[in-house]
Every structure is written in structure tokens, then in C-alpha cells.
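work-v9.txt follows; it contains compact mmCIF, C-alpha atoms.
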```
# COMPACT_ATOMS: atom_id res chain seq x y z
CA MET R 1 -67.02 87.44 -56.60
CA ILE R 2 -70.31 87.07 -54.68
CA LEU R 3 -69.07 83.75 -53.27
CA LEU R 4 -65.82 85.36 -52.12
CA LEU R 5 -67.68 88.23 -50.44
CA LEU R 6 -69.92 85.70 -48.67
CA SER R 7 -66.84 83.83 -47.41
CA ILE R 8 -65.35 87.07 -46.04
CA LEU R 9 -68.70 88.05 -44.49
CA PHE R 10 -69.21 84.71 -42.73
CA SER R 11 -65.58 84.66 -41.49
CA THR R 12 -66.05 88.15 -40.02
CA ILE R 13 -69.32 87.12 -38.35
CA THR R 14 -67.63 84.00 -36.94
CA VAL R 15 -64.86 85.86 -35.12
CA SER R 16 -67.29 88.52 -33.88
CA PHE R 17 -69.15 85.80 -31.97
CA PHE R 18 -66.22 85.54 -29.55
CA LYS R 19 -66.72 89.13 -28.41
CA VAL R 20 -70.44 88.41 -27.97
CA PHE R 21 -69.54 85.35 -25.87
CA GLU R 22 -67.45 87.57 -23.61
CA ILE R 23 -70.36 90.00 -23.14
CA LYS R 24 -72.99 87.26 -22.66
CA LYS R 25 -70.79 85.21 -20.26
CA VAL R 26 -70.84 82.20 -22.57
CA ASP R 27 -68.49 79.26 -21.91
CA THR R 28 -66.42 79.59 -25.08
CA PHE R 29 -65.06 76.03 -25.09
CA GLN R 30 -68.50 74.45 -24.77
CA ALA R 31 -69.79 76.73 -27.51
CA ILE R 32 -66.92 75.67 -29.79
CA ILE R 33 -67.76 71.99 -29.20
CA ALA R 34 -71.40 72.57 -30.22
CA ASN R 35 -70.14 74.63 -33.16
CA TYR R 36 -68.25 71.64 -34.59
CA LEU R 37 -71.25 69.35 -34.12
CA THR R 38 -73.25 71.89 -36.13
CA CYS R 39 -70.52 72.09 -38.80
CA GLY R 40 -70.46 68.30 -39.08
CA ILE R 41 -74.25 68.04 -39.45
CA ILE R 42 -74.38 70.81 -42.06
CA GLY R 43 -71.47 69.14 -43.86
CA LEU R 44 -73.36 65.84 -44.00
CA PHE R 45 -76.38 67.66 -45.41
CA TYR R 46 -74.44 69.54 -48.12
CA SER R 47 -71.99 66.77 -49.00
CA GLU R 48 -72.42 65.18 -52.39
CA HIS R 49 -70.72 62.01 -51.10
CA ALA R 50 -71.21 59.51 -48.26
CA VAL R 51 -68.83 61.05 -45.70
CA TRP R 52 -68.56 58.09 -43.34
CA SER R 53 -68.51 55.30 -45.94
CA SER R 54 -66.33 52.20 -45.46
CA GLU R 55 -64.01 53.60 -48.12
CA VAL R 56 -63.47 56.76 -46.05
CA LEU R 57 -62.98 54.77 -42.83
CA HIS R 58 -60.18 52.78 -44.49
CA SER R 59 -58.62 55.72 -46.33
CA ASP R 60 -54.97 56.72 -45.96
CA TRP R 61 -55.87 60.29 -45.02
CA LEU R 62 -58.10 59.51 -42.02
CA GLY R 63 -55.21 59.92 -39.56
CA LEU R 64 -54.45 63.37 -40.97
CA ALA R 65 -58.14 64.27 -40.71
CA PHE R 66 -58.01 63.31 -37.03
CA LEU R 67 -54.93 65.52 -36.53
CA LEU R 68 -56.71 68.29 -38.42
CA GLY R 69 -59.69 67.94 -36.07
CA LEU R 70 -57.44 68.29 -33.02
CA LEU R 71 -55.89 71.42 -34.49
CA PHE R 72 -59.28 72.83 -35.51
CA ILE R 73 -60.71 72.82 -31.99
CA SER R 74 -57.52 73.81 -30.14
CA ILE R 75 -56.53 76.67 -32.46
CA PHE R 76 -60.12 77.90 -32.79
CA TYR R 77 -60.18 78.16 -29.00
CA CYS R 78 -56.88 80.09 -29.08
CA ILE R 79 -58.35 82.44 -31.70
CA ALA R 80 -61.33 82.99 -29.39
CA LEU R 81 -59.08 83.79 -26.42
CA THR R 82 -56.95 86.12 -28.54
CA ALA R 83 -60.07 88.00 -29.72
CA GLN R 84 -61.33 88.29 -26.14
CA GLN R 85 -58.06 89.06 -24.34
CA ILE R 86 -56.30 91.22 -26.96
CA SER R 87 -58.51 92.20 -29.90
CA VAL R 88 -60.41 90.82 -32.86
CA SER R 89 -57.84 92.31 -35.24
CA ALA R 90 -54.97 90.57 -33.40
CA SER R 91 -56.69 87.19 -33.70
CA MET R 92 -57.32 87.62 -37.42
CA VAL R 93 -53.87 89.01 -38.21
CA ALA R 94 -52.20 86.06 -36.44
CA ALA R 95 -54.49 83.58 -38.22
CA LYS R 96 -54.25 85.05 -41.71
CA LEU R 97 -50.48 85.64 -41.62
CA SER R 98 -50.09 81.91 -40.97
CA VAL R 99 -49.60 81.58 -44.75
CA VAL R 100 -45.92 82.02 -43.80
CA VAL R 101 -45.79 78.52 -42.27
CA PRO R 102 -46.63 76.47 -45.41
CA VAL R 103 -44.30 78.71 -47.43
CA LEU R 104 -41.41 77.94 -45.05
CA LEU R 105 -42.28 74.24 -44.95
CA ALA R 106 -42.31 74.06 -48.76
CA TRP R 107 -38.86 75.67 -48.79
CA PHE R 108 -37.51 73.35 -46.07
CA LEU R 109 -39.10 70.05 -47.16
CA TYR R 110 -39.37 70.41 -50.94
CA GLN R 111 -36.55 72.91 -51.64
CA GLU R 112 -38.97 75.34 -53.25
CA SER R 113 -37.31 78.66 -53.98
CA LEU R 114 -37.98 81.75 -51.87
CA SER R 115 -38.12 85.01 -53.80
CA ALA R 116 -36.93 88.29 -52.31
CA LEU R 117 -40.55 89.43 -52.01
CA LYS R 118 -41.54 86.31 -50.06
CA ILE R 119 -38.57 86.69 -47.71
CA ALA R 120 -39.52 90.33 -47.14
CA GLY R 121 -43.13 89.29 -46.55
CA ILE R 122 -42.07 86.72 -43.94
CA PHE R 123 -40.05 89.25 -41.95
CA ILE R 124 -42.79 91.87 -42.22
CA SER R 125 -45.37 89.33 -41.01
CA LEU R 126 -43.36 88.72 -37.83
CA LEU R 127 -43.22 92.47 -37.22
CA ALA R 128 -46.96 92.69 -37.84
CA VAL R 129 -47.73 90.04 -35.19
CA TYR R 130 -45.45 91.89 -32.75
CA PHE R 131 -47.13 95.28 -33.24
CA ILE R 132 -50.73 94.04 -33.41
CA SER R 133 -50.29 92.03 -30.18
CA LYS R 134 -49.01 94.92 -28.08
CA LYS R 135 -51.49 95.97 -25.41
CA SER R 136 -50.90 98.64 -22.80
CA GLY R 137 -52.03 98.54 -19.19
CA VAL R 138 -51.34 94.86 -18.43
CA GLY R 139 -48.95 93.22 -15.95
CA SER R 140 -45.83 91.27 -16.90
CA ASN R 141 -47.42 87.84 -16.29
CA GLN R 142 -50.42 88.72 -18.42
CA LYS R 143 -48.13 90.15 -21.11
CA THR R 144 -46.44 86.74 -21.38
CA LEU R 145 -49.83 85.07 -21.90
CA LEU R 146 -50.90 87.71 -24.42
CA TRP R 147 -47.72 87.11 -26.43
CA PHE R 148 -48.20 83.36 -26.30
CA LEU R 149 -51.76 83.34 -27.68
CA PRO R 150 -51.14 85.00 -31.09
CA ILE R 151 -47.98 82.92 -31.56
CA LEU R 152 -50.01 79.74 -30.99
CA VAL R 153 -52.64 81.00 -33.44
CA PHE R 154 -49.92 81.88 -35.97
CA ILE R 155 -48.17 78.47 -35.81
CA GLY R 156 -51.35 76.42 -35.40
CA SER R 157 -53.22 78.08 -38.27
CA GLY R 158 -50.16 77.62 -40.45
CA SER R 159 -50.04 73.93 -39.55
CA ILE R 160 -53.72 73.60 -40.51
CA ASP R 161 -53.02 75.28 -43.87
CA SER R 162 -50.04 72.97 -44.45
CA ILE R 163 -52.07 69.82 -43.75
CA LEU R 164 -54.92 71.05 -45.96
CA ASN R 165 -52.44 71.78 -48.77
CA TYR R 166 -50.96 68.28 -48.41
CA LEU R 167 -54.39 66.65 -48.46
CA GLU R 168 -55.40 68.69 -51.51
CA GLN R 169 -52.27 67.68 -53.42
CA HIS R 170 -52.36 63.97 -52.55
CA PHE R 171 -56.00 63.00 -51.96
CA ILE R 172 -58.30 65.47 -53.79
CA PRO R 173 -59.29 63.81 -56.09
CA PRO R 174 -60.16 60.90 -55.81
CA TYR R 175 -61.74 62.02 -52.53
CA SER R 176 -63.68 65.28 -52.25
CA ALA R 177 -62.93 68.27 -50.06
CA ASP R 178 -66.28 67.96 -48.26
CA GLU R 179 -65.50 64.36 -47.24
CA ILE R 180 -62.18 65.35 -45.70
CA VAL R 181 -63.28 68.62 -44.07
CA THR R 182 -66.51 67.15 -42.64
CA SER R 183 -64.48 64.24 -41.22
CA ALA R 184 -62.12 66.74 -39.57
CA PHE R 185 -65.11 68.68 -38.16
CA SER R 186 -66.46 65.43 -36.71
CA PHE R 187 -63.13 64.58 -35.08
CA ALA R 188 -62.95 68.10 -33.63
CA PHE R 189 -66.39 67.62 -32.07
CA LEU R 190 -65.56 64.17 -30.64
CA THR R 191 -62.28 65.44 -29.17
CA GLY R 192 -64.02 68.37 -27.50
CA LEU R 193 -66.87 66.16 -26.28
CA ILE R 194 -64.47 63.74 -24.58
CA TRP R 195 -62.58 66.62 -22.97
CA MET R 196 -65.81 68.21 -21.76
CA ALA R 197 -67.11 64.90 -20.36
CA ILE R 198 -63.87 64.39 -18.40
CA SER R 199 -63.94 67.99 -17.11
CA ILE R 200 -67.57 67.63 -15.98
CA ALA R 201 -66.82 64.27 -14.31
CA LEU R 202 -63.92 65.88 -12.42
CA LYS R 203 -66.22 68.81 -11.52
CA LYS R 204 -63.96 71.30 -13.30
CA MET R 205 -66.74 72.37 -15.65
CA LYS R 206 -70.52 72.72 -15.48
CA LEU R 207 -72.65 71.95 -18.50
CA SER R 208 -74.16 75.15 -19.90
CA LEU R 209 -77.12 74.75 -22.23
CA LYS R 210 -76.92 78.46 -23.03
CA SER R 211 -73.32 78.02 -24.22
CA LEU R 212 -74.22 74.99 -26.32
CA LEU R 213 -77.04 76.93 -27.99
CA TRP R 214 -74.69 79.82 -28.79
CA GLY R 215 -72.31 77.24 -30.25
CA VAL R 216 -75.00 76.09 -32.66
CA PHE R 217 -75.38 79.70 -33.85
CA LEU R 218 -71.58 79.95 -34.23
CA GLY R 219 -71.40 76.77 -36.31
CA VAL R 220 -73.54 78.14 -39.13
CA PRO R 221 -71.26 81.03 -40.24
CA ASN R 222 -68.15 79.00 -39.40
CA TYR R 223 -69.17 76.23 -41.80
CA PHE R 224 -70.28 78.53 -44.60
CA SER R 225 -67.13 80.66 -44.41
CA MET R 226 -65.17 77.57 -45.50
CA TYR R 227 -67.93 76.30 -47.82
CA PHE R 228 -68.00 79.50 -49.89
CA LEU R 229 -64.20 79.74 -49.90
CA VAL R 230 -63.92 76.23 -51.37
CA LYS R 231 -66.62 77.09 -53.94
CA THR R 232 -64.72 80.26 -54.88
CA LEU R 233 -61.49 78.29 -55.38
CA GLY R 234 -63.35 76.23 -57.97
CA VAL R 235 -63.93 79.38 -60.02
CA PHE R 236 -60.81 81.54 -59.50
CA PRO R 237 -57.13 80.63 -58.95
CA ALA R 238 -55.86 80.47 -55.36
CA THR R 239 -53.24 83.15 -56.03
CA PHE R 240 -56.08 85.57 -56.76
CA ILE R 241 -58.47 84.43 -54.01
CA PHE R 242 -56.29 84.12 -50.90
CA PRO R 243 -54.83 87.65 -50.83
CA ILE R 244 -58.29 89.23 -51.24
CA ASN R 245 -59.87 86.80 -48.77
CA ASN R 246 -57.23 87.29 -46.07
CA ILE R 247 -57.02 91.07 -46.41
CA GLY R 248 -60.82 91.33 -46.54
CA ILE R 249 -61.25 89.33 -43.33
CA VAL R 250 -58.57 91.32 -41.47
CA ALA R 251 -60.04 94.66 -42.63
CA PHE R 252 -63.72 93.86 -42.08
CA SER R 253 -63.23 92.14 -38.71
CA THR R 254 -61.21 95.13 -37.48
CA LEU R 255 -63.85 97.58 -38.74
CA LEU R 256 -66.63 95.58 -37.08
CA ALA R 257 -64.73 95.44 -33.78
CA LEU R 258 -64.14 99.21 -33.84
CA LEU R 259 -67.76 100.07 -34.68
CA PHE R 260 -69.76 97.55 -32.67
CA PHE R 261 -67.47 96.44 -29.83
CA LYS R 262 -65.70 99.78 -29.32
CA GLU R 263 -62.24 98.21 -29.40
CA LYS R 264 -59.41 100.71 -29.14
CA LEU R 265 -56.26 100.23 -31.19
CA SER R 266 -53.00 101.99 -30.40
CA LYS R 267 -50.72 103.53 -33.03
CA GLN R 268 -48.56 100.40 -32.79
CA ASN R 269 -51.62 98.21 -33.42
CA TYR R 270 -52.48 100.22 -36.54
CA ILE R 271 -48.88 99.82 -37.73
CA GLY R 272 -49.23 96.07 -37.22
CA LEU R 273 -52.49 96.08 -39.16
CA GLY R 274 -50.90 97.89 -42.10
CA LEU R 275 -47.84 95.62 -42.04
CA SER R 276 -50.06 92.53 -42.03
CA ILE R 277 -51.83 93.63 -45.22
CA LEU R 278 -48.47 94.39 -46.87
CA ALA R 279 -47.08 90.99 -45.79
CA ILE R 280 -50.11 89.12 -47.18
CA LEU R 281 -49.70 90.88 -50.53
CA LEU R 282 -45.95 90.21 -50.74
CA ILE R 283 -46.23 86.53 -49.81
CA SER R 284 -49.32 85.72 -51.85
CA LEU R 285 -48.53 87.63 -55.03
CA SER R 286 -44.76 87.03 -55.32
```

Please lay out the structure from this file as C-alpha cells.
Amino acid sequence: MILLLLSILFSTITVSFFKVFEIKKVDTFQAIIANYLTCGIIGLFYSEHAVWSSEVLHSDWLGLAFLLGLLFISIFYCIALTAQQISVSASMVAAKLSVVVPVLLAWFLYQESLSALKIAGIFISLLAVYFISKKSGVGSNQKTLLWFLPILVFIGSGSIDSILNYLEQHFIPPYSADEIVTSAFSFAFLTGLIWMAISIALKKMKLSLKSLLWGVFLGVPNYFSMYFLVKTLGVFPATFIFPINNIGIVAFSTLLALLFFKEKLSKQNYIGLGLSILAILLISLS
């Protein structure tokens, strides 16, 4: 259980960085790029296998790892914007309710059955995203953007979960999780680096050493949140781990935002928070 608590702790610390970035005027995208470089380096250090061996470079899953890297950096940026523009709780609810997406894909692609509890959980999760995303005092144009962000996080995080599930079922073993995840981290960094280089060349972005340094700090908890989760899954079944992990992250990140960043949640936001926990339980335990 210590490993699971560490995973929840590091996940909560990771998302809290985005509020700090807002306060410190950090370029979030540049920080995220440096974050994935840090994750990749730590992954190389902790990996028990040669991550970039010729066998890996010719593996059938490398294309999926590249796609995973693209999703990692783009959805992580959307999570950051959601935390900054709406709330930390909204970003985590949208991300952790994404368990709906692989459930629906399994039903659609593999004809897996959907129990009444899972169907109820899916509908409740949609209501939860609606209520947690509501924010008063914004104009109609901004409301459209604020709706769009958690939906992107919801779908994108679910796509990441689906790809990870596919890789786990088809390629682990013979390959290890650290080989695949570290490869995806590396692709995320390279994608962001190319985008940043183009933006700087077009004078749409200025290189910020401060932002890159903050990104290094972000990469440490981001890597270990996944590292300890994978270690926990080697000890306890996923059906036991994921509900506790997801609910713990939603609850602790919300508590941290209320105490340290003075976020204010409306009654509708609290309803969304409660519905999200109920949805996670129904989907994960049914």
C-alpha cells in the first residue's frame, strides 16, 4: 500500500505544479518539454533493459509508442490548461474518468459485455464532467473553450489508457513496461522539441531557461507517479488498484487546491466531484 500512496502523492504533486506555473509566469509548454526529457533520462537510469536497443528499434510496437508520445505531450498540456483555466479538480476528474473510453472501445471492438453498473457509471461520468467544468463569471467565447478543454482531456486520456492496455496485452512480455513507457517519453520530448524549435524560428516563442528548469522539477514527480503505479500493479490486481488510485488522486488534488491555491468550488462543482467518485467506483468495480 505504501507504493500506491506514493503514486497518489506524486500524481497530486505533478498536477499542482501547473498552478505554480501560473503564479510564477512559467511557459507551461516549454516546462512540459523539459519534463519529458527528465522522465526519459530517469527512465533510462531505472530501466532494467536497454531501452534503445536494435531489438526495440525494430519492434512492432514502436509506432504505437510514437503515437503514445504525441498523446502524452498534447494531453498533458491540455491537463495543464484545464488546471489553470478551470480548476485542478476539473483537470483530474476529466483525466481519471477517462476509464470510460477503453470500456466503450472494448464493448465496440471486442463485443465485451456492459453490465448495468458500468452503463450507469458511464452516464454518471458524463454528468460529472459537465458539473465539474461549470465556472461562473466567464463570457460565452471563454465558456466554449472551457468546455472544450476537459472534453479533450477526457477523450485523450482515455485514448492513452486504451493504447497502454493494448500494449500490455500484446507486447508485455516479451518486452517490459519500462522499455515501452520510456520510449513514449522520449518521443514526447522529441515532438515538443521540434515544435518549440519551429516556434522559436518563427519568433512565436522565446526560449525561457526558467521554464525549462521548472520542467525538470516537474519531470521527477511525473515519472515516479507512473513508476510506483506500475510497481503496485505487480503486487495487487488492477481492479483493486485503479479505483483507489483514481479516487485518491481526485480527492487529494482537490484538497490541495482548496488549501494551498485557494480555489473556490461551486455547489455544482462539488456535485460533479461526488459524481466522479461514484462513477469511478461503478465502472471499476462492476

Non-local contacts of segment 261-277 of chain R (6 Å; all atoms listed in the file; under 2 positions in same chain excluded) as a tab-separated table (two decimals) with C-alpha atoms, keeping the file's coordinate frame:
```
chain	number	residue	atom	x	y	z
R	125	SER	CA	-45.37	89.33	-41.01
R	128	ALA	CA	-46.96	92.69	-37.84
R	131	PHE	CA	-47.13	95.28	-33.24
R	132	ILE	CA	-50.73	94.04	-33.41
R	247	ILE	CA	-57.02	91.07	-46.41
R	257	ALA	CA	-64.73	95.44	-33.78
R	258	LEU	CA	-64.14	99.21	-33.84
R	259	LEU	CA	-67.76	100.07	-34.68
R	279	ALA	CA	-47.08	90.99	-45.79
R	280	ILE	CA	-50.11	89.12	-47.18
```

* To do: Identify, on the basis of only C-alpha atoms, every residue whose closest approach to Ile244 of chain R does not exceed 9 Å; exclude the query and any residue fewer than 4 positions from it along the same chain; express the result as an MDAnalysis selection string.
  => chainID R and resid 4 240 248:249 281

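Closest approach to Phe72 of chain R from the set R:Met205, R:Cys39, R:Val99, R:Ile124 is made by R:Cys39, with distances taken over all atoms listed in the file.
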
* Tell me, in Å to one decimal, how far atom CA of Gly69 of chain R is from atom CA of Trp107 of chain R. =>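 Separation of atom CA of Gly69 of chain R and atom CA of Trp107 of chain R: 25.6 Å.
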
* Find, counting only C-alpha atoms, the residue in R:Leu282, R:Ile194, R:Leu9, R:Val20 that gets nearest to Phe217 of chain R. =>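 Selected residue with least distance to Phe217 of chain R: R:Val20.
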
* **Atom pair atom CA of Lys19 of chain R / atom CA of Leu68 of chain R: separation (Å)** => 25.2 Å

* Asked: Near Phe17 of chain R, counting all atoms listed in the file, which residues have an atom at most 10 Å away, once you skip same-chain residues fewer than 2 positions from it, shown as a list in words?
  -> Thr12, Ile13, Thr14, Val15, Lys19, Val20, Phe21, Glu22, Ile23, Thr28, Ala80, Ala83, Trp214, Gly215, Phe217, Leu218 and Pro221 of chain R

* **Distance of atom CA of Lys24 of chain R from atom CA of Lys206 of chain R, expressed in Å to one decimal place** =>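 Separating atom CA of Lys206 of chain R from atom CA of Lys24 of chain R is a distance of 16.4 Å.
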
* Which is closest to Asn165 of chain R among R:Val129, R:Ala177, R:Met1, R:Ala95, if we use all atoms listed in the file? -> R:Ala177

* If you count only C-alpha atoms, which residues fall within 6 Å of Thr38 of chain R, apart from same-chain ones fewer than 3 positions away, as a VMD selection string? -> chain R and resid 35 41 216 219

* **Distance criterion (all atoms listed in the file): nearest to Ser91 of chain R out of R:Trp195, R:Phe189, R:Trp147, R:Phe236** =>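 That would be R:Trp147, the residue with the smallest distance to Ser91 of chain R.
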
* Pick from R:Phe66, R:Phe108, R:Tyr223, R:Phe260, whichever lies nearest to Ala188 of chain R using all atoms listed in the file ->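 The answer is R:Phe66, which sits nearest to Ala188 of chain R.
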
* Ser211 of chain R: which residues within 6 Å, counting all atoms listed in the file, same-chain residues fewer than 4 positions away excluded, as a ChimeraX atom specification? -> /R:26-27,31

Box centre and edge lengths (Å, one decimal), axis-aligned, segment 98-114 of chain R plus 8 Å each side, as AutoDock Vina command-line options:
```
--center_x -43.3 --center_y 76.0 --center_z -47.5 --size_x 29.5 --size_y 28.0 --size_z 29.0
```

* To do: Would you list the residues near (-69.7, 68.1, -46.0), meaning any protein, DNA or RNA residue with an atom at most 6 Å from that point in file coordinates, counting all atoms listed in the file, as a list in words?
  => Gly43, Leu44, Tyr46, Ser47, Asp178, Glu179 and Thr182 of chain R

* Minimum-distance residue to Val88 of chain R, chosen among R:Ser7, R:Leu152, R:Asn246, R:Phe252 (using all atoms listed in the file) ->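 Checking each of R:Ser7, R:Leu152, R:Asn246, R:Phe252 against Val88 of chain R, counting all atoms listed in the file, the winner is R:Phe252.
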
* Would you be able to write out as an MDAnalysis selection string which residues have an atom within 12 Å of (-57.0, 81.1, -23.7) in the file's coordinates, counting all atoms listed in the file? => chainID R and resid 18 27:29 74:86 91 142 145:150 152:153
